[in-house]
Each structure stands twice: as C-alpha cells, then as structure tokens.
Amino acid sequence: MEKILQEIRNERKRQDLKFGKRTNDNDPWMEILAEEVGEVANALIDKWDSETEKELIQVAAVCVKWIEHLRGRFHIRSFYQEGK
Ligand SMILES: [Mg+2]
C-alpha cells in the first residue's frame, strides 16, 4: 500500500506543476474529477490495465487536492479524528 500512496503523492506534485496550485473556489473540482473518472472508464474499455492504474492514481490525486482545498479554504477539520 505504501508504494501506491507514494505514487499518489508524486502525482499530486506533478499536477501542481502542470496546472499550478489551484486555490480558487471557482475551480471546477467536480469537472476535473469527472474527467479523470471518464479516463478510467476509457482505459477499462480498452482493457489496458496499466493505463487504468495510472488513471486511478490521477483520480486519487485529484481527490486529495480537493480535500486539501476544502480544509484550507473553509478550515474544515478531518472527519476522521487522528488516533481513532
Ligand atoms: Mg487522466
């Protein structure tokens, strides 16, 4: 699992470099996520396993970024209390 989490971290950094650090509430988070999920679906249609895995990592990275944005913008605390 740790290897996968590291790949998600690396993808998060890559997305920041590619798209810049999104901090605007008007950023279309759902649109970005839906696009990535659509790319997972396309990879499944093509039965291209390594592409499916790559797109799933990208989906996870977008989810992490969106959560980071929400916590930073609205000072939302983790739903999951640390240590529990
Ligand atoms: Mg993608």
# chains A, B, ... in the order shown; residues from 1 in each chain; ligands from 1
call {"tool": "residues_near_ligand", "arguments": {"ligand": "ligand 1", "cutoff": "8 Å", "atoms": "only C-alpha atoms and all ligand atoms", "output": "ChimeraX atom specification"}}
result
/A:35-37,39-40,54-56,58-59
call {"tool": "residues_around", "arguments": {"residues": "Cys63 of chain A", "least_positions_apart": "4", "cutoff": "12 Å", "atoms": "only C-alpha atoms", "output": "VMD selection string"}}
result
chain A and resid 8 to 9 11 to 12 15 29 to 34 36 to 37 56 to 59 67 to 70
call {"tool": "select_by_dssp", "arguments": {"residues": "chain A", "states": "helix (DSSP H, G or I)", "output": "mmCIF file with N, CA and C atoms, in the first residue's frame"}}
result
data_model
loop_
_atom_site.group_PDB
_atom_site.id
_atom_site.type_symbol
_atom_site.label_atom_id
_atom_site.label_comp_id
_atom_site.auth_asym_id
_atom_site.auth_seq_id
_atom_site.Cartn_x
_atom_site.Cartn_y
_atom_site.Cartn_z
ATOM 1 N N GLU A 2 1.969 1.246 0.715
ATOM 2 C CA GLU A 2 2.804 2.445 0.817
ATOM 3 C C GLU A 2 3.299 2.902 -0.554
ATOM 4 N N LYS A 3 3.604 1.940 -1.420
ATOM 5 C CA LYS A 3 4.070 2.282 -2.766
ATOM 6 C C LYS A 3 2.977 3.041 -3.538
ATOM 7 N N ILE A 4 1.753 2.605 -3.388
ATOM 8 C CA ILE A 4 0.632 3.266 -4.074
ATOM 9 C C ILE A 4 0.445 4.679 -3.526
ATOM 10 N N LEU A 5 0.507 4.814 -2.195
ATOM 11 C CA LEU A 5 0.350 6.149 -1.594
ATOM 12 C C LEU A 5 1.460 7.086 -2.061
ATOM 13 N N GLN A 6 2.668 6.559 -2.219
ATOM 14 C CA GLN A 6 3.775 7.387 -2.720
ATOM 15 C C GLN A 6 3.503 7.803 -4.167
ATOM 16 N N GLU A 7 2.936 6.905 -4.949
ATOM 17 C CA GLU A 7 2.612 7.241 -6.338
ATOM 18 C C GLU A 7 1.543 8.344 -6.390
ATOM 19 N N ILE A 8 0.599 8.302 -5.459
ATOM 20 C CA ILE A 8 -0.426 9.352 -5.391
ATOM 21 C C ILE A 8 0.235 10.686 -5.003
ATOM 22 N N ARG A 9 1.172 10.650 -4.041
ATOM 23 C CA ARG A 9 1.904 11.877 -3.672
ATOM 24 C C ARG A 9 2.644 12.439 -4.876
ATOM 25 N N ASN A 10 3.313 11.566 -5.595
ATOM 26 C CA ASN A 10 4.072 12.014 -6.772
ATOM 27 C C ASN A 10 3.134 12.618 -7.822
ATOM 28 N N GLU A 11 1.975 12.008 -8.000
ATOM 29 C CA GLU A 11 1.013 12.526 -8.970
ATOM 30 C C GLU A 11 0.470 13.885 -8.520
ATOM 31 N N ARG A 12 0.250 14.051 -7.222
ATOM 32 C CA ARG A 12 -0.204 15.354 -6.693
ATOM 33 C C ARG A 12 0.800 16.452 -7.051
ATOM 34 N N LYS A 13 2.076 16.144 -6.841
ATOM 35 C CA LYS A 13 3.122 17.126 -7.155
ATOM 36 C C LYS A 13 3.142 17.411 -8.651
ATOM 37 N N ARG A 14 2.990 16.361 -9.453
ATOM 38 C CA ARG A 14 3.017 16.519 -10.911
ATOM 39 C C ARG A 14 1.856 17.407 -11.354
ATOM 40 N N GLN A 15 0.675 17.198 -10.759
ATOM 41 C CA GLN A 15 -0.492 18.006 -11.127
ATOM 42 C C GLN A 15 -0.287 19.470 -10.746
ATOM 43 N N ASP A 16 0.329 19.733 -9.595
ATOM 44 C CA ASP A 16 0.605 21.123 -9.203
ATOM 45 C C ASP A 16 1.542 21.779 -10.210
ATOM 46 N N LEU A 17 2.545 21.032 -10.643
ATOM 47 C CA LEU A 17 3.488 21.580 -11.618
ATOM 48 C C LEU A 17 2.803 21.828 -12.963
ATOM 49 N N LYS A 18 1.916 20.918 -13.334
ATOM 50 C CA LYS A 18 1.258 21.013 -14.638
ATOM 51 C C LYS A 18 0.183 22.098 -14.663
ATOM 52 N N PHE A 19 -0.611 22.165 -13.596
ATOM 53 C CA PHE A 19 -1.779 23.053 -13.600
ATOM 54 C C PHE A 19 -1.632 24.260 -12.680
ATOM 55 N N TRP A 29 -13.850 21.617 -9.439
ATOM 56 C CA TRP A 29 -13.322 20.370 -8.871
ATOM 57 C C TRP A 29 -14.065 19.145 -9.390
ATOM 58 N N MET A 30 -15.411 19.232 -9.415
ATOM 59 C CA MET A 30 -16.182 18.062 -9.853
ATOM 60 C C MET A 30 -15.917 17.758 -11.319
ATOM 61 N N GLU A 31 -15.756 18.809 -12.112
ATOM 62 C CA GLU A 31 -15.475 18.628 -13.541
ATOM 63 C C GLU A 31 -14.113 17.951 -13.744
ATOM 64 N N ILE A 32 -13.138 18.393 -12.989
ATOM 65 C CA ILE A 32 -11.805 17.795 -13.087
ATOM 66 C C ILE A 32 -11.859 16.324 -12.688
ATOM 67 N N LEU A 33 -12.539 16.059 -11.569
ATOM 68 C CA LEU A 33 -12.632 14.674 -11.093
ATOM 69 C C LEU A 33 -13.404 13.808 -12.089
ATOM 70 N N ALA A 34 -14.514 14.329 -12.603
ATOM 71 C CA ALA A 34 -15.320 13.566 -13.562
ATOM 72 C C ALA A 34 -14.517 13.241 -14.820
ATOM 73 N N GLU A 35 -13.700 14.193 -15.252
ATOM 74 C CA GLU A 35 -12.871 13.940 -16.430
ATOM 75 C C GLU A 35 -11.909 12.785 -16.169
ATOM 76 N N GLU A 36 -11.306 12.810 -14.998
ATOM 77 C CA GLU A 36 -10.366 11.722 -14.666
ATOM 78 C C GLU A 36 -11.091 10.384 -14.546
ATOM 79 N N VAL A 37 -12.275 10.383 -13.945
ATOM 80 C CA VAL A 37 -13.045 9.140 -13.836
ATOM 81 C C VAL A 37 -13.419 8.643 -15.234
ATOM 82 N N GLY A 38 -13.749 9.565 -16.120
ATOM 83 C CA GLY A 38 -14.051 9.184 -17.504
ATOM 84 C C GLY A 38 -12.858 8.533 -18.176
ATOM 85 N N GLU A 39 -11.672 9.009 -17.844
ATOM 86 C CA GLU A 39 -10.467 8.410 -18.418
ATOM 87 C C GLU A 39 -10.234 7.004 -17.865
ATOM 88 N N VAL A 40 -10.642 6.776 -16.625
ATOM 89 C CA VAL A 40 -10.599 5.407 -16.091
ATOM 90 C C VAL A 40 -11.532 4.517 -16.907
ATOM 91 N N ALA A 41 -12.734 5.019 -17.158
ATOM 92 C CA ALA A 41 -13.707 4.234 -17.932
ATOM 93 C C ALA A 41 -13.176 3.925 -19.326
ATOM 94 N N ASN A 42 -12.567 4.902 -19.960
ATOM 95 C CA ASN A 42 -11.998 4.669 -21.294
ATOM 96 C C ASN A 42 -10.897 3.620 -21.241
ATOM 97 N N ALA A 43 -10.076 3.687 -20.214
ATOM 98 C CA ALA A 43 -8.995 2.699 -20.079
ATOM 99 C C ALA A 43 -9.576 1.302 -19.893
ATOM 100 N N LEU A 44 -10.680 1.205 -19.153
ATOM 101 C CA LEU A 44 -11.315 -0.101 -18.952
ATOM 102 C C LEU A 44 -11.865 -0.636 -20.269
ATOM 103 N N ILE A 45 -12.443 0.243 -21.063
ATOM 104 C CA ILE A 45 -12.986 -0.177 -22.361
ATOM 105 C C ILE A 45 -11.854 -0.736 -23.226
ATOM 106 N N ASP A 49 -4.659 -2.392 -18.718
ATOM 107 C CA ASP A 49 -4.544 -2.388 -17.261
ATOM 108 C C ASP A 49 -3.598 -1.326 -16.724
ATOM 109 N N SER A 50 -2.454 -1.133 -17.342
ATOM 110 C CA SER A 50 -1.508 -0.153 -16.812
ATOM 111 C C SER A 50 -2.070 1.259 -16.958
ATOM 112 N N GLU A 51 -2.831 1.495 -18.016
ATOM 113 C CA GLU A 51 -3.473 2.801 -18.192
ATOM 114 C C GLU A 51 -4.569 2.996 -17.143
ATOM 115 N N THR A 52 -5.331 1.943 -16.869
ATOM 116 C CA THR A 52 -6.371 2.028 -15.826
ATOM 117 C C THR A 52 -5.742 2.392 -14.491
ATOM 118 N N GLU A 53 -4.646 1.743 -14.162
ATOM 119 C CA GLU A 53 -3.968 2.024 -12.896
ATOM 120 C C GLU A 53 -3.485 3.471 -12.851
ATOM 121 N N LYS A 54 -2.896 3.932 -13.939
ATOM 122 C CA LYS A 54 -2.403 5.315 -13.996
ATOM 123 C C LYS A 54 -3.550 6.303 -13.780
ATOM 124 N N GLU A 55 -4.689 6.049 -14.425
ATOM 125 C CA GLU A 55 -5.823 6.965 -14.294
ATOM 126 C C GLU A 55 -6.418 6.922 -12.891
ATOM 127 N N LEU A 56 -6.420 5.741 -12.265
ATOM 128 C CA LEU A 56 -6.915 5.653 -10.884
ATOM 129 C C LEU A 56 -6.029 6.457 -9.932
ATOM 130 N N ILE A 57 -4.729 6.434 -10.163
ATOM 131 C CA ILE A 57 -3.812 7.246 -9.352
ATOM 132 C C ILE A 57 -4.144 8.727 -9.534
ATOM 133 N N GLN A 58 -4.457 9.109 -10.764
ATOM 134 C CA GLN A 58 -4.796 10.509 -11.031
ATOM 135 C C GLN A 58 -6.102 10.901 -10.343
ATOM 136 N N VAL A 59 -7.078 9.990 -10.346
ATOM 137 C CA VAL A 59 -8.338 10.245 -9.632
ATOM 138 C C VAL A 59 -8.052 10.466 -8.147
ATOM 139 N N ALA A 60 -7.264 9.597 -7.571
ATOM 140 C CA ALA A 60 -6.948 9.706 -6.137
ATOM 141 C C ALA A 60 -6.238 11.021 -5.839
ATOM 142 N N ALA A 61 -5.327 11.422 -6.720
ATOM 143 C CA ALA A 61 -4.584 12.673 -6.503
ATOM 144 C C ALA A 61 -5.518 13.882 -6.564
ATOM 145 N N VAL A 62 -6.477 13.867 -7.488
ATOM 146 C CA VAL A 62 -7.439 14.973 -7.565
ATOM 147 C C VAL A 62 -8.289 15.016 -6.299
ATOM 148 N N CYS A 63 -8.693 13.857 -5.798
ATOM 149 C CA CYS A 63 -9.481 13.820 -4.559
ATOM 150 C C CYS A 63 -8.685 14.411 -3.397
ATOM 151 N N VAL A 64 -7.413 14.051 -3.311
ATOM 152 C CA VAL A 64 -6.560 14.591 -2.235
ATOM 153 C C VAL A 64 -6.470 16.107 -2.353
ATOM 154 N N LYS A 65 -6.255 16.589 -3.568
ATOM 155 C CA LYS A 65 -6.135 18.034 -3.774
ATOM 156 C C LYS A 65 -7.428 18.758 -3.399
ATOM 157 N N TRP A 66 -8.554 18.194 -3.762
ATOM 158 C CA TRP A 66 -9.847 18.805 -3.456
ATOM 159 C C TRP A 66 -10.039 18.875 -1.937
ATOM 160 N N ILE A 67 -9.696 17.819 -1.256
ATOM 161 C CA ILE A 67 -9.812 17.806 0.213
ATOM 162 C C ILE A 67 -8.868 18.846 0.825
ATOM 163 N N GLU A 68 -7.653 18.926 0.304
ATOM 164 C CA GLU A 68 -6.707 19.941 0.791
ATOM 165 C C GLU A 68 -7.303 21.336 0.623
ATOM 166 N N HIS A 69 -7.914 21.570 -0.533
ATOM 167 C CA HIS A 69 -8.531 22.876 -0.800
ATOM 168 C C HIS A 69 -9.632 23.170 0.212
ATOM 169 N N LEU A 70 -10.508 22.207 0.436
ATOM 170 C CA LEU A 70 -11.622 22.419 1.369
ATOM 171 C C LEU A 70 -11.116 22.724 2.776
ATOM 172 N N ARG A 71 -10.134 21.991 3.208
ATOM 173 C CA ARG A 71 -9.605 22.201 4.560
ATOM 174 C C ARG A 71 -8.895 23.545 4.668
ATOM 175 N N GLY A 72 -8.209 23.926 3.610
ATOM 176 C CA GLY A 72 -7.502 25.194 3.638
ATOM 177 C C GLY A 72 -8.446 26.377 3.552
ATOM 178 N N ARG A 73 -9.458 26.255 2.689
ATOM 179 C CA ARG A 73 -10.362 27.378 2.441
ATOM 180 C C ARG A 73 -11.387 27.545 3.549
ATOM 181 N N PHE A 74 -11.942 26.447 3.989
ATOM 182 C CA PHE A 74 -13.041 26.515 4.949
ATOM 183 C C PHE A 74 -12.634 26.057 6.349
#
